[in-house]
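Chemist: I have a structure here, written as structure tokens, and I will follow up with some questions on it.
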There are 2 protein chains.
Amino acid sequence: MPQFMDVHTHMVGVTAEELAAAHQADVEIQGDEGVDFQHAWADPRTGHVFCLSEAPSADAVRRIHERTGHPADEVHEITVTA
Amino acid sequence: MPQFMDVHTHMVGVTAEELAAAHQADVEIQGDEGVDFQHAWADPRTGHVFCLSEAPSADAVRRIHERTGHPADEVHEITVTA
């Protein structure tokens, strides 16, 4: 399954509770698109959140994040790791 | 130890061999700054590379990447995860 890193850039001040709630909302409907969100890393100061997932496509990732109200600003398909 | 996600945005076409070599170069000198690079995820199509590390500071991460010839475009301190 392809792997993706999506990036949100406007989540300044996001709290642990808010990130957990956003992640949980994604996880609850991710099966509709065959997405598996694995981890989210946030920098509340810059407002950047990075989400790692496995999914059939970038659009599948986008659709889940859109439905839960926090659309991704970028979705990158990860094809090389180290 | 604080955790960081740094982002490179100009590595279009990076190969597995090139990413492995860049990561290895960082790992070889990371001890000079007390940095521990843990993982790198690359999208050769968009040229984005995301590096997760533990380090004393963002500047420590920046210095290692600068010395090995691939400066980071952004360094985000990760203080919230999900």
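Identifiers for the structure tokens are assigned positionally: chains receive A, B, ... in sequence, residues are indexed from 1 per chain, and ligands are indexed from 1 in the order shown.
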Please find the residues of chain B near chain A - the criterion being any atom within 7 Å, counting only C-alpha atoms - and write them as number ranges by chain.
Modeler: B: 16, 19-20, 23, 39-43, 76-82
Chemist: Keeping N, CA and C atoms, export the residues of the selection given above as a PDB file, in the first residue's frame.
Modeler:
```
ATOM      1  N   ALA B  16      16.832   6.358  -3.872  1.00  0.00           N
ATOM      2  CA  ALA B  16      17.035   5.645  -2.612  1.00  0.00           C
ATOM      3  C   ALA B  16      18.507   5.697  -2.203  1.00  0.00           C
ATOM      4  N   LEU B  19      19.356   9.278  -0.956  1.00  0.00           N
ATOM      5  CA  LEU B  19      18.789   9.548   0.372  1.00  0.00           C
ATOM      6  C   LEU B  19      19.559   8.776   1.442  1.00  0.00           C
ATOM      7  N   ALA B  20      19.896   7.532   1.146  1.00  0.00           N
ATOM      8  CA  ALA B  20      20.660   6.734   2.108  1.00  0.00           C
ATOM      9  C   ALA B  20      22.019   7.377   2.370  1.00  0.00           C
ATOM     10  N   HIS B  23      21.525  10.573   4.464  1.00  0.00           N
ATOM     11  CA  HIS B  23      21.198  10.205   5.843  1.00  0.00           C
ATOM     12  C   HIS B  23      22.447   9.687   6.557  1.00  0.00           C
ATOM     13  N   HIS B  39      14.500   8.979  11.216  1.00  0.00           N
ATOM     14  CA  HIS B  39      13.861   8.464  10.000  1.00  0.00           C
ATOM     15  C   HIS B  39      13.769   9.591   8.987  1.00  0.00           C
ATOM     16  N   ALA B  40      13.805   9.213   7.706  1.00  0.00           N
ATOM     17  CA  ALA B  40      13.614  10.185   6.624  1.00  0.00           C
ATOM     18  C   ALA B  40      12.629   9.609   5.618  1.00  0.00           C
ATOM     19  N   TRP B  41      11.670  10.455   5.209  1.00  0.00           N
ATOM     20  CA  TRP B  41      10.641  10.062   4.232  1.00  0.00           C
ATOM     21  C   TRP B  41      10.732  11.010   3.041  1.00  0.00           C
ATOM     22  N   ALA B  42      10.835  10.467   1.837  1.00  0.00           N
ATOM     23  CA  ALA B  42      11.018  11.318   0.659  1.00  0.00           C
ATOM     24  C   ALA B  42       9.939  11.097  -0.395  1.00  0.00           C
ATOM     25  N   ASP B  43       9.535  12.201  -1.019  1.00  0.00           N
ATOM     26  CA  ASP B  43       8.684  12.183  -2.204  1.00  0.00           C
ATOM     27  C   ASP B  43       9.518  12.770  -3.339  1.00  0.00           C
ATOM     28  N   HIS B  76      10.793  22.158  12.433  1.00  0.00           N
ATOM     29  CA  HIS B  76       9.657  22.317  13.331  1.00  0.00           C
ATOM     30  C   HIS B  76       9.885  21.508  14.610  1.00  0.00           C
ATOM     31  N   GLU B  77       9.690  22.149  15.752  1.00  0.00           N
ATOM     32  CA  GLU B  77       9.799  21.421  17.015  1.00  0.00           C
ATOM     33  C   GLU B  77       8.470  20.726  17.295  1.00  0.00           C
ATOM     34  N   ILE B  78       8.543  19.420  17.459  1.00  0.00           N
ATOM     35  CA  ILE B  78       7.329  18.614  17.673  1.00  0.00           C
ATOM     36  C   ILE B  78       7.050  18.525  19.165  1.00  0.00           C
ATOM     37  N   THR B  79       5.954  19.148  19.575  1.00  0.00           N
ATOM     38  CA  THR B  79       5.624  19.132  21.004  1.00  0.00           C
ATOM     39  C   THR B  79       4.292  18.428  21.276  1.00  0.00           C
ATOM     40  N   VAL B  80       3.596  18.048  20.204  1.00  0.00           N
ATOM     41  CA  VAL B  80       2.324  17.321  20.338  1.00  0.00           C
ATOM     42  C   VAL B  80       2.292  16.218  19.305  1.00  0.00           C
ATOM     43  N   THR B  81       1.914  15.007  19.712  1.00  0.00           N
ATOM     44  CA  THR B  81       1.790  13.910  18.751  1.00  0.00           C
ATOM     45  C   THR B  81       0.482  13.158  18.991  1.00  0.00           C
ATOM     46  N   ALA B  82       0.095  12.419  17.970  1.00  0.00           N
ATOM     47  CA  ALA B  82      -1.120  11.590  18.087  1.00  0.00           C
ATOM     48  C   ALA B  82      -0.926  10.354  17.234  1.00  0.00           C
TER      49      ALA B  82
END
```
Chemist: Using only C-alpha atoms, which protein or nucleic acid residues come within 12 Å of segment 64-71 of chain B? Drop anything in the same chain fewer than 2 positions from it, and give the result as a PDB file with N, CA, C and O atoms, in the first residue's frame.
Modeler:
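Heads up, here's the output in around.pdb:
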```pdb
ATOM      1  N   ASP B   6      12.246  18.150  10.329  1.00  0.00           N
ATOM      2  CA  ASP B   6      12.735  19.154   9.389  1.00  0.00           C
ATOM      3  C   ASP B   6      12.316  18.764   7.985  1.00  0.00           C
ATOM      4  O   ASP B   6      12.030  17.606   7.690  1.00  0.00           O
ATOM      5  N   VAL B   7      12.225  19.784   7.133  1.00  0.00           N
ATOM      6  CA  VAL B   7      11.690  19.600   5.793  1.00  0.00           C
ATOM      7  C   VAL B   7      12.658  20.180   4.766  1.00  0.00           C
ATOM      8  O   VAL B   7      13.116  21.316   4.910  1.00  0.00           O
ATOM      9  N   HIS B   8      12.954  19.362   3.775  1.00  0.00           N
ATOM     10  CA  HIS B   8      13.712  19.804   2.593  1.00  0.00           C
ATOM     11  C   HIS B   8      12.715  19.848   1.441  1.00  0.00           C
ATOM     12  O   HIS B   8      11.912  18.923   1.288  1.00  0.00           O
ATOM     13  N   THR B   9      12.777  20.899   0.635  1.00  0.00           N
ATOM     14  CA  THR B   9      11.745  21.054  -0.407  1.00  0.00           C
ATOM     15  C   THR B   9      12.324  21.084  -1.824  1.00  0.00           C
ATOM     16  O   THR B   9      11.596  21.341  -2.774  1.00  0.00           O
ATOM     17  N   HIS B  10      13.619  20.841  -1.956  1.00  0.00           N
ATOM     18  CA  HIS B  10      14.249  20.963  -3.278  1.00  0.00           C
ATOM     19  C   HIS B  10      15.001  19.696  -3.674  1.00  0.00           C
ATOM     20  O   HIS B  10      16.034  19.774  -4.321  1.00  0.00           O
ATOM     21  N   MET B  11      14.500  18.529  -3.286  1.00  0.00           N
ATOM     22  CA  MET B  11      15.216  17.285  -3.589  1.00  0.00           C
ATOM     23  C   MET B  11      14.463  16.462  -4.643  1.00  0.00           C
ATOM     24  O   MET B  11      14.320  15.243  -4.528  1.00  0.00           O
ATOM     25  N   VAL B  14      15.250  12.671  -5.975  1.00  0.00           N
ATOM     26  CA  VAL B  14      16.176  11.975  -5.073  1.00  0.00           C
ATOM     27  C   VAL B  14      15.942  10.461  -5.147  1.00  0.00           C
ATOM     28  O   VAL B  14      14.805   9.984  -5.129  1.00  0.00           O
ATOM     29  N   GLU B  18      20.763   7.998  -3.036  1.00  0.00           N
ATOM     30  CA  GLU B  18      21.127   9.361  -2.636  1.00  0.00           C
ATOM     31  C   GLU B  18      20.585   9.687  -1.243  1.00  0.00           C
ATOM     32  O   GLU B  18      21.277  10.314  -0.438  1.00  0.00           O
ATOM     33  N   LEU B  19      19.356   9.278  -0.956  1.00  0.00           N
ATOM     34  CA  LEU B  19      18.789   9.548   0.372  1.00  0.00           C
ATOM     35  C   LEU B  19      19.559   8.776   1.442  1.00  0.00           C
ATOM     36  O   LEU B  19      19.859   9.318   2.514  1.00  0.00           O
ATOM     37  N   ALA B  21      22.665   7.876   1.317  1.00  0.00           N
ATOM     38  CA  ALA B  21      23.982   8.502   1.474  1.00  0.00           C
ATOM     39  C   ALA B  21      23.872   9.798   2.279  1.00  0.00           C
ATOM     40  O   ALA B  21      24.711  10.080   3.150  1.00  0.00           O
ATOM     41  N   ALA B  22      22.832  10.594   2.001  1.00  0.00           N
ATOM     42  CA  ALA B  22      22.646  11.847   2.745  1.00  0.00           C
ATOM     43  C   ALA B  22      22.378  11.552   4.218  1.00  0.00           C
ATOM     44  O   ALA B  22      22.942  12.201   5.107  1.00  0.00           O
ATOM     45  N   HIS B  23      21.525  10.573   4.464  1.00  0.00           N
ATOM     46  CA  HIS B  23      21.198  10.205   5.843  1.00  0.00           C
ATOM     47  C   HIS B  23      22.447   9.687   6.557  1.00  0.00           C
ATOM     48  O   HIS B  23      22.715  10.052   7.711  1.00  0.00           O
ATOM     49  N   GLN B  24      23.224   8.866   5.874  1.00  0.00           N
ATOM     50  CA  GLN B  24      24.428   8.311   6.489  1.00  0.00           C
ATOM     51  C   GLN B  24      25.434   9.417   6.823  1.00  0.00           C
ATOM     52  O   GLN B  24      26.073   9.394   7.876  1.00  0.00           O
ATOM     53  N   ALA B  25      25.553  10.404   5.940  1.00  0.00           N
ATOM     54  CA  ALA B  25      26.465  11.523   6.201  1.00  0.00           C
ATOM     55  C   ALA B  25      26.030  12.283   7.458  1.00  0.00           C
ATOM     56  O   ALA B  25      26.870  12.676   8.280  1.00  0.00           O
ATOM     57  N   ASP B  26      24.723  12.483   7.596  1.00  0.00           N
ATOM     58  CA  ASP B  26      24.215  13.139   8.808  1.00  0.00           C
ATOM     59  C   ASP B  26      24.522  12.308  10.054  1.00  0.00           C
ATOM     60  O   ASP B  26      24.979  12.838  11.069  1.00  0.00           O
ATOM     61  N   VAL B  27      24.254  11.022   9.963  1.00  0.00           N
ATOM     62  CA  VAL B  27      24.425  10.145  11.125  1.00  0.00           C
ATOM     63  C   VAL B  27      25.889  10.122  11.584  1.00  0.00           C
ATOM     64  O   VAL B  27      26.171  10.083  12.782  1.00  0.00           O
ATOM     65  N   GLU B  28      26.786  10.206  10.613  1.00  0.00           N
ATOM     66  CA  GLU B  28      28.212  10.109  10.966  1.00  0.00           C
ATOM     67  C   GLU B  28      28.698  11.279  11.806  1.00  0.00           C
ATOM     68  O   GLU B  28      29.643  11.133  12.572  1.00  0.00           O
ATOM     69  N   ILE B  29      28.082  12.455  11.652  1.00  0.00           N
ATOM     70  CA  ILE B  29      28.533  13.630  12.423  1.00  0.00           C
ATOM     71  C   ILE B  29      27.499  14.125  13.434  1.00  0.00           C
ATOM     72  O   ILE B  29      27.749  15.097  14.135  1.00  0.00           O
ATOM     73  N   GLN B  30      26.347  13.479  13.505  1.00  0.00           N
ATOM     74  CA  GLN B  30      25.270  13.984  14.373  1.00  0.00           C
ATOM     75  C   GLN B  30      25.676  14.072  15.840  1.00  0.00           C
ATOM     76  O   GLN B  30      25.191  14.934  16.579  1.00  0.00           O
ATOM     77  N   GLY B  31      26.611  13.195  16.246  1.00  0.00           N
ATOM     78  CA  GLY B  31      27.048  13.190  17.638  1.00  0.00           C
ATOM     79  C   GLY B  31      27.725  14.486  18.046  1.00  0.00           C
ATOM     80  O   GLY B  31      27.720  14.850  19.228  1.00  0.00           O
ATOM     81  N   ASP B  32      28.287  15.215  17.068  1.00  0.00           N
ATOM     82  CA  ASP B  32      28.945  16.493  17.378  1.00  0.00           C
ATOM     83  C   ASP B  32      27.969  17.486  17.995  1.00  0.00           C
ATOM     84  O   ASP B  32      28.386  18.388  18.735  1.00  0.00           O
ATOM     85  N   GLU B  33      26.687  17.333  17.659  1.00  0.00           N
ATOM     86  CA  GLU B  33      25.670  18.289  18.126  1.00  0.00           C
ATOM     87  C   GLU B  33      24.641  17.620  19.030  1.00  0.00           C
ATOM     88  O   GLU B  33      23.635  18.234  19.378  1.00  0.00           O
ATOM     89  N   GLY B  34      24.845  16.339  19.331  1.00  0.00           N
ATOM     90  CA  GLY B  34      23.891  15.626  20.174  1.00  0.00           C
ATOM     91  C   GLY B  34      22.576  15.321  19.490  1.00  0.00           C
ATOM     92  O   GLY B  34      21.537  15.159  20.134  1.00  0.00           O
ATOM     93  N   VAL B  35      22.608  15.242  18.148  1.00  0.00           N
ATOM     94  CA  VAL B  35      21.392  14.978  17.362  1.00  0.00           C
ATOM     95  C   VAL B  35      21.273  13.480  17.099  1.00  0.00           C
ATOM     96  O   VAL B  35      22.285  12.783  16.961  1.00  0.00           O
ATOM     97  N   ASP B  36      20.028  12.997  17.044  1.00  0.00           N
ATOM     98  CA  ASP B  36      19.760  11.603  16.690  1.00  0.00           C
ATOM     99  C   ASP B  36      18.715  11.587  15.574  1.00  0.00           C
ATOM    100  O   ASP B  36      17.523  11.723  15.842  1.00  0.00           O
ATOM    101  N   PHE B  37      19.178  11.449  14.332  1.00  0.00           N
ATOM    102  CA  PHE B  37      18.236  11.375  13.203  1.00  0.00           C
ATOM    103  C   PHE B  37      17.612   9.986  13.191  1.00  0.00           C
ATOM    104  O   PHE B  37      18.321   8.977  13.177  1.00  0.00           O
ATOM    105  N   VAL B  49      11.492  16.127   1.442  1.00  0.00           N
ATOM    106  CA  VAL B  49      12.035  15.111   2.342  1.00  0.00           C
ATOM    107  C   VAL B  49      11.747  15.569   3.768  1.00  0.00           C
ATOM    108  O   VAL B  49      12.002  16.737   4.121  1.00  0.00           O
ATOM    109  N   CYS B  51      12.489  14.754   7.784  1.00  0.00           N
ATOM    110  CA  CYS B  51      13.416  14.044   8.671  1.00  0.00           C
ATOM    111  C   CYS B  51      12.972  14.225  10.120  1.00  0.00           C
ATOM    112  O   CYS B  51      12.846  15.357  10.592  1.00  0.00           O
ATOM    113  N   SER B  53      13.860  13.742  14.075  1.00  0.00           N
ATOM    114  CA  SER B  53      15.056  13.623  14.913  1.00  0.00           C
ATOM    115  C   SER B  53      14.747  13.983  16.351  1.00  0.00           C
ATOM    116  O   SER B  53      13.719  14.602  16.652  1.00  0.00           O
ATOM    117  N   ALA B  55      16.907  16.108  19.268  1.00  0.00           N
ATOM    118  CA  ALA B  55      18.068  17.001  19.277  1.00  0.00           C
ATOM    119  C   ALA B  55      17.923  18.016  20.395  1.00  0.00           C
ATOM    120  O   ALA B  55      16.811  18.282  20.869  1.00  0.00           O
ATOM    121  N   SER B  57      18.281  21.204  20.064  1.00  0.00           N
ATOM    122  CA  SER B  57      17.684  22.437  19.545  1.00  0.00           C
ATOM    123  C   SER B  57      17.500  22.329  18.039  1.00  0.00           C
ATOM    124  O   SER B  57      18.136  21.486  17.379  1.00  0.00           O
ATOM    125  N   ALA B  58      16.666  23.228  17.503  1.00  0.00           N
ATOM    126  CA  ALA B  58      16.500  23.295  16.043  1.00  0.00           C
ATOM    127  C   ALA B  58      17.815  23.677  15.375  1.00  0.00           C
ATOM    128  O   ALA B  58      18.143  23.180  14.289  1.00  0.00           O
ATOM    129  N   ASP B  59      18.567  24.566  16.026  1.00  0.00           N
ATOM    130  CA  ASP B  59      19.833  24.991  15.423  1.00  0.00           C
ATOM    131  C   ASP B  59      20.817  23.833  15.317  1.00  0.00           C
ATOM    132  O   ASP B  59      21.604  23.770  14.367  1.00  0.00           O
ATOM    133  N   ALA B  60      20.786  22.912  16.273  1.00  0.00           N
ATOM    134  CA  ALA B  60      21.662  21.742  16.197  1.00  0.00           C
ATOM    135  C   ALA B  60      21.319  20.916  14.957  1.00  0.00           C
ATOM    136  O   ALA B  60      22.208  20.460  14.228  1.00  0.00           O
ATOM    137  N   VAL B  61      20.021  20.737  14.702  1.00  0.00           N
ATOM    138  CA  VAL B  61      19.581  20.006  13.498  1.00  0.00           C
ATOM    139  C   VAL B  61      20.049  20.745  12.247  1.00  0.00           C
ATOM    140  O   VAL B  61      20.607  20.151  11.319  1.00  0.00           O
ATOM    141  N   ARG B  62      19.840  22.067  12.240  1.00  0.00           N
ATOM    142  CA  ARG B  62      20.243  22.873  11.071  1.00  0.00           C
ATOM    143  C   ARG B  62      21.733  22.741  10.791  1.00  0.00           C
ATOM    144  O   ARG B  62      22.147  22.594   9.634  1.00  0.00           O
ATOM    145  N   ASP B  73      15.008  23.408   4.806  1.00  0.00           N
ATOM    146  CA  ASP B  73      14.242  24.621   4.517  1.00  0.00           C
ATOM    147  C   ASP B  73      13.387  25.019   5.705  1.00  0.00           C
ATOM    148  O   ASP B  73      13.080  26.189   5.885  1.00  0.00           O
ATOM    149  N   GLU B  74      12.968  24.050   6.503  1.00  0.00           N
ATOM    150  CA  GLU B  74      12.158  24.308   7.696  1.00  0.00           C
ATOM    151  C   GLU B  74      12.592  23.320   8.786  1.00  0.00           C
ATOM    152  O   GLU B  74      12.913  22.180   8.480  1.00  0.00           O
ATOM    153  N   VAL B  75      12.547  23.776  10.040  1.00  0.00           N
ATOM    154  CA  VAL B  75      12.736  22.867  11.179  1.00  0.00           C
ATOM    155  C   VAL B  75      11.619  23.160  12.177  1.00  0.00           C
ATOM    156  O   VAL B  75      11.513  24.287  12.677  1.00  0.00           O
TER     157      VAL B  75
END
```
Chemist: Hey, what does DSSP flag as helix (DSSP H, G or I) within chain A? Can you give it to me as a PyMOL selection string?
Modeler: chain A and resi 16-33+58-67
